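Worksheet for the structure shown next.
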Amino acid sequence: MRPRLERYQEFLEQEYRSGFTKFDEYDISGITDDLAKKMSSGHFTRIVFSGMGCSAIVSDVIKVFFNSIKSDLEVHVFNDYDFEYLIPRSVIEDDRTLVILSSYSGHSNEPVRAFHTLSPMHDRVLLLTSGGRLGELGEEHGVSIARWTLSKPDREYPLFHVGQYFSILVDMFLKLGLLEEDHGPEVRALARTLETDFTPALRELAADAAVRSEDSNIIMLGSPKWHESLLKLAKMHFNEIAMVPATRNYFHEFCHSEVATLSDPVRRHSILVFSDPEEDDYTRAKRENLVALLTAPIPQNANVTVTQIELDQPTFMRQYFTALEFVQYLTLDLGKARETASRNLISEAAGNPWYHGTTIDAENAG
């Protein structure tokens, strides 16, 4: 395979924005008539997504999007198969809950285990996958399947395609009756609006933040709106592509606990603070206070740097995907600064050889 950073740069410069226009690369012919009728008739009052890694991230973005448009459809996400400790049993067992098991590869073990655990309710389970073991199980048991059919997927790093996944789900959910209004035009317009939303100043800020984040622990802070969606995906980009340590926390919680670790750190720390116009006056004042504390010209701040990213675009979609472009360029610059070679730790630790470099190389050679 070509080096990941080379592929990543090509993706950013040529494919990230165009992905929003490829909204039709999916297939819902595998959804049963019964489940399709329940979805279109408004039978379901909530959706529970389950997935791992990037497959879970798309669910988190959809959850925040549904909140942003004030949808009556309640959305939950859990990243495991032991859902009893993550989602109330009453939610899972409610006949008006649609369960979506999401695995792009179809080979992640956790969604497969969840599939078997949820067998009594397979009539209201939807599998979201490109195939793999999960797809085989769906066909074997007659469970509904919606398939990703991306024309140019990066096999090793599905996180490249979150923008396209989002565009697809917005279109798919409209067709299935889970969305009442067509938001597709706004999603597809992102290919154009990002040209002005992601300003030269933001690109320069990303480059500057990358320089100041070299050999640092990255700590991302944001409100609940951004913590589960944007910051979670940003952490994956930093971890998987730049291969640098990164953590995330709710802004207010950080100020009540973890901030103590920055008293006089020996190791460098790079703080990324994401904020938007919806924050109340208390939060803005508290953030300004924190930034002042951590940027004061005192010896204890020698190993602390702070970057503020203002999400001031007019809609949630434009805020989210402008911020993601910022994160991706910061990731690219950080990755180039260190050029760490992958050990395929994700595929080996997760027990999913589908993503392993040797598997991909062997399939490409064959």
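By order of appearance in the structure tokens: chains A, B, ..., then residues from 1 within every chain, and ligands from 1 in the order shown.
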
Could you name the residues that touch Thr261 in chain A at 12 Å or less, counting only C-alpha atoms, but leaving out those on the same chain fewer than 4 positions away, as an NGL selection string? :A and (217 or 219 or 254-257 or 265-269 or 294 or 300-301 or 303-304)

Just to be explicit: take each residue in the selection above, keep N, CA, C and O atoms, and write the result as a compact mmCIF listing (two decimals), in the first residue's frame.
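What follows is the written file again.txt:
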# COMPACT_ATOMS: atom_id res chain seq x y z
N ASN A 217 1.30 16.04 24.44
CA ASN A 217 0.00 15.40 24.66
C ASN A 217 -1.06 16.40 24.22
O ASN A 217 -1.05 17.55 24.66
N ILE A 219 -4.78 17.75 24.31
CA ILE A 219 -5.98 17.72 25.16
C ILE A 219 -7.04 18.58 24.48
O ILE A 219 -6.84 19.78 24.29
N PHE A 254 -13.34 19.35 32.88
CA PHE A 254 -11.89 19.55 32.88
C PHE A 254 -11.49 20.60 33.91
O PHE A 254 -10.50 20.44 34.64
N CYS A 255 -12.26 21.67 33.99
CA CYS A 255 -11.93 22.76 34.91
C CYS A 255 -12.10 22.37 36.38
O CYS A 255 -11.55 23.03 37.26
N HIS A 256 -12.84 21.29 36.62
CA HIS A 256 -13.05 20.84 38.00
C HIS A 256 -12.10 19.71 38.40
O HIS A 256 -12.17 19.23 39.52
N SER A 257 -11.24 19.27 37.48
CA SER A 257 -10.38 18.13 37.83
C SER A 257 -9.06 18.14 37.07
O SER A 257 -8.02 18.53 37.59
N PRO A 265 3.81 21.07 34.28
CA PRO A 265 4.11 19.80 33.62
C PRO A 265 5.54 19.72 33.09
O PRO A 265 6.09 20.70 32.59
N VAL A 266 6.10 18.52 33.18
CA VAL A 266 7.43 18.28 32.62
C VAL A 266 7.31 18.02 31.12
O VAL A 266 8.14 18.47 30.33
N ARG A 267 6.25 17.30 30.73
CA ARG A 267 6.00 17.01 29.32
C ARG A 267 5.16 18.12 28.70
O ARG A 267 4.35 18.77 29.38
N ARG A 268 5.32 18.33 27.42
CA ARG A 268 4.57 19.37 26.72
C ARG A 268 3.11 18.95 26.56
O ARG A 268 2.79 17.80 26.32
N HIS A 269 2.20 19.94 26.67
CA HIS A 269 0.78 19.72 26.48
C HIS A 269 0.23 20.77 25.52
O HIS A 269 0.54 21.96 25.66
N LEU A 294 -3.65 29.65 31.51
CA LEU A 294 -2.68 28.75 30.88
C LEU A 294 -1.75 29.43 29.89
O LEU A 294 -0.80 28.79 29.41
N GLN A 300 5.67 28.12 34.95
CA GLN A 300 4.86 26.89 35.00
C GLN A 300 4.12 26.62 33.68
O GLN A 300 3.66 25.51 33.43
N ASN A 301 3.98 27.63 32.82
CA ASN A 301 3.29 27.46 31.54
C ASN A 301 4.26 27.20 30.38
O ASN A 301 3.84 27.18 29.22
N ASN A 303 5.56 24.60 29.25
CA ASN A 303 5.24 23.41 28.46
C ASN A 303 3.76 23.29 28.12
O ASN A 303 3.26 22.21 27.85
N VAL A 304 3.07 24.42 28.16
CA VAL A 304 1.63 24.44 27.85
C VAL A 304 1.37 25.43 26.72
O VAL A 304 1.84 26.57 26.76

Using DSSP on the backbone coordinates, identify all residues within range 93-282 of chain A classified as alpha helix (DSSP H); present the result as a VMD selection string. chain A and resid 93 109 to 117 132 to 141 162 to 176 184 to 197 200 to 213 224 to 226 232 to 237 251 to 255 281 to 282

Of A:Phe49, A:Tyr165, A:Tyr81, A:Tyr26, the one nearest to Arg147 in chain A when counting only C-alpha atoms is A:Tyr26

Near-range 176-184 of chain A list (8 Å; only C-alpha atoms; drop same-chain fewer than 4 positions) as a count of residues only: 11

Using only C-alpha atoms, which residues of range 246-332 of chain A come within 12 Å of range 151-161 of chain A, and what is the closest atom pair for each, with the distance in Å to one decimal? Give it as a Markdown table, sorted by chain and residue number.
| residue | atom | partner | partner_atom | distance |
| --- | --- | --- | --- | --- |
| A:Phe321 | CA | A:His161 | CA | 11.8 |
| A:Leu324 | CA | A:Phe160 | CA | 10.7 |
| A:Glu325 | CA | A:Phe160 | CA | 11.0 |
| A:Gln328 | CA | A:Phe160 | CA | 9.4 |

May I ask for the distance between CA of Thr32 in chain A and CA of Ser144 in chain A, given in Å to one decimal place? 5.5 Å

Near range 123-131 of chain A, within 6 Å and counting only C-alpha atoms, which residues show up once chain neighbours fewer than 4 positions away are dropped, as an mmCIF file with C-alpha atoms, in the first residue's frame?
data_model
loop_
_atom_site.group_PDB
_atom_site.id
_atom_site.type_symbol
_atom_site.label_atom_id
_atom_site.label_comp_id
_atom_site.auth_asym_id
_atom_site.auth_seq_id
_atom_site.Cartn_x
_atom_site.Cartn_y
_atom_site.Cartn_z
ATOM 1 C CA LEU A 98 -35.011 0.657 16.115
ATOM 2 C CA VAL A 99 -31.586 -0.932 16.707
ATOM 3 C CA ILE A 100 -28.870 -0.269 14.107
ATOM 4 C CA LEU A 101 -25.737 -2.417 14.286
ATOM 5 C CA SER A 102 -23.025 -0.568 12.420
ATOM 6 C CA SER A 103 -19.791 -2.109 11.131
ATOM 7 C CA TYR A 104 -18.278 -0.917 7.875
ATOM 8 C CA SER A 105 -16.147 -4.036 7.447
ATOM 9 C CA GLY A 106 -18.759 -6.373 8.889
ATOM 10 C CA GLY A 135 -23.715 -9.222 6.329
ATOM 11 C CA SER A 144 -32.574 -6.254 7.389
ATOM 12 C CA ILE A 145 -29.357 -4.968 5.819
ATOM 13 C CA ALA A 146 -28.412 -1.519 4.490
ATOM 14 C CA ARG A 147 -25.111 -1.727 2.633
ATOM 15 C CA TRP A 148 -22.394 0.869 2.072
#

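When only C-alpha atoms are used to measure the gap to Ala56 in chain A, the shortest distance among A:Glu15, A:Glu228, A:Asp27, A:Glu363 belongs to A:Glu228.
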
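Of the listed residues (A:Leu194, A:Val64, A:Ile218, A:Leu86), A:Ile218 comes nearest to His237 in chain A; the distances count only C-alpha atoms.
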
Separation of CA of Val112 in chain A from CA of Ile28 in chain A in Å: 19.9 Å

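With only C-alpha atoms as the atoms that count, the minimum distance from Lys225 in chain A to the choices A:Phe316, A:Ser50, A:Glu348, A:Thr359 is reached by A:Phe316.
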
Please provide the set of residues having any atom within 7 Å of Leu330 in chain A, restricted to only C-alpha atoms, with same-chain residues fewer than 3 positions apart removed, written as a VMD selection string. chain A and resid 206 to 207 209 to 210 326 to 327 333 to 334

Enumerate the residues of range 42-254 of chain A with a DSSP assignment of strand (DSSP E or B), computed from the backbone, and present them as a VMD selection string. chain A and resid 46 to 51 74 to 78 97 to 103 125 to 129 144 to 148 216 to 222 246 to 250

Export, as a PDB file, in the first residue's frame, the selected residues with C-alpha atoms.
ATOM      1  CA  ARG A  46     -35.973   6.207  18.941  1.00  0.00           C
ATOM      2  CA  ILE A  47     -32.865   4.735  17.326  1.00  0.00           C
ATOM      3  CA  VAL A  48     -30.119   2.914  19.209  1.00  0.00           C
ATOM      4  CA  PHE A  49     -26.853   2.619  17.296  1.00  0.00           C
ATOM      5  CA  SER A  50     -24.116   0.157  18.233  1.00  0.00           C
ATOM      6  CA  GLY A  51     -20.691   0.121  16.614  1.00  0.00           C
ATOM      7  CA  GLU A  74     -34.528  10.080  20.060  1.00  0.00           C
ATOM      8  CA  VAL A  75     -31.023   8.762  19.264  1.00  0.00           C
ATOM      9  CA  HIS A  76     -28.676   6.749  21.513  1.00  0.00           C
ATOM     10  CA  VAL A  77     -25.218   5.346  20.764  1.00  0.00           C
ATOM     11  CA  PHE A  78     -23.183   2.710  22.605  1.00  0.00           C
ATOM     12  CA  THR A  97     -36.824   1.283  19.395  1.00  0.00           C
ATOM     13  CA  LEU A  98     -35.011   0.657  16.115  1.00  0.00           C
ATOM     14  CA  VAL A  99     -31.586  -0.932  16.707  1.00  0.00           C
ATOM     15  CA  ILE A 100     -28.870  -0.269  14.107  1.00  0.00           C
ATOM     16  CA  LEU A 101     -25.737  -2.417  14.286  1.00  0.00           C
ATOM     17  CA  SER A 102     -23.025  -0.568  12.420  1.00  0.00           C
ATOM     18  CA  SER A 103     -19.791  -2.109  11.131  1.00  0.00           C
ATOM     19  CA  VAL A 125     -32.705  -4.623  13.906  1.00  0.00           C
ATOM     20  CA  LEU A 126     -31.049  -2.978  10.897  1.00  0.00           C
ATOM     21  CA  LEU A 127     -27.489  -3.946   9.927  1.00  0.00           C
ATOM     22  CA  LEU A 128     -25.405  -1.113   8.449  1.00  0.00           C
ATOM     23  CA  THR A 129     -22.365  -2.662   6.756  1.00  0.00           C
ATOM     24  CA  SER A 144     -32.574  -6.254   7.389  1.00  0.00           C
ATOM     25  CA  ILE A 145     -29.357  -4.968   5.819  1.00  0.00           C
ATOM     26  CA  ALA A 146     -28.412  -1.519   4.490  1.00  0.00           C
ATOM     27  CA  ARG A 147     -25.111  -1.727   2.633  1.00  0.00           C
ATOM     28  CA  TRP A 148     -22.394   0.869   2.072  1.00  0.00           C
ATOM     29  CA  SER A 216       3.000  17.041  23.068  1.00  0.00           C
ATOM     30  CA  ASN A 217       0.004  15.399  24.658  1.00  0.00           C
ATOM     31  CA  ILE A 218      -3.034  16.856  22.906  1.00  0.00           C
ATOM     32  CA  ILE A 219      -5.978  17.718  25.155  1.00  0.00           C
ATOM     33  CA  MET A 220      -9.224  18.680  23.428  1.00  0.00           C
ATOM     34  CA  LEU A 221     -11.974  20.555  25.255  1.00  0.00           C
ATOM     35  CA  GLY A 222     -15.528  21.289  24.183  1.00  0.00           C
ATOM     36  CA  ALA A 246      -4.725  12.763  22.357  1.00  0.00           C
ATOM     37  CA  THR A 247      -7.499  12.951  24.933  1.00  0.00           C
ATOM     38  CA  ARG A 248     -10.820  14.772  25.100  1.00  0.00           C
ATOM     39  CA  ASN A 249     -13.001  16.064  27.891  1.00  0.00           C
ATOM     40  CA  TYR A 250     -16.029  18.191  28.598  1.00  0.00           C
TER      41      TYR A 250
END
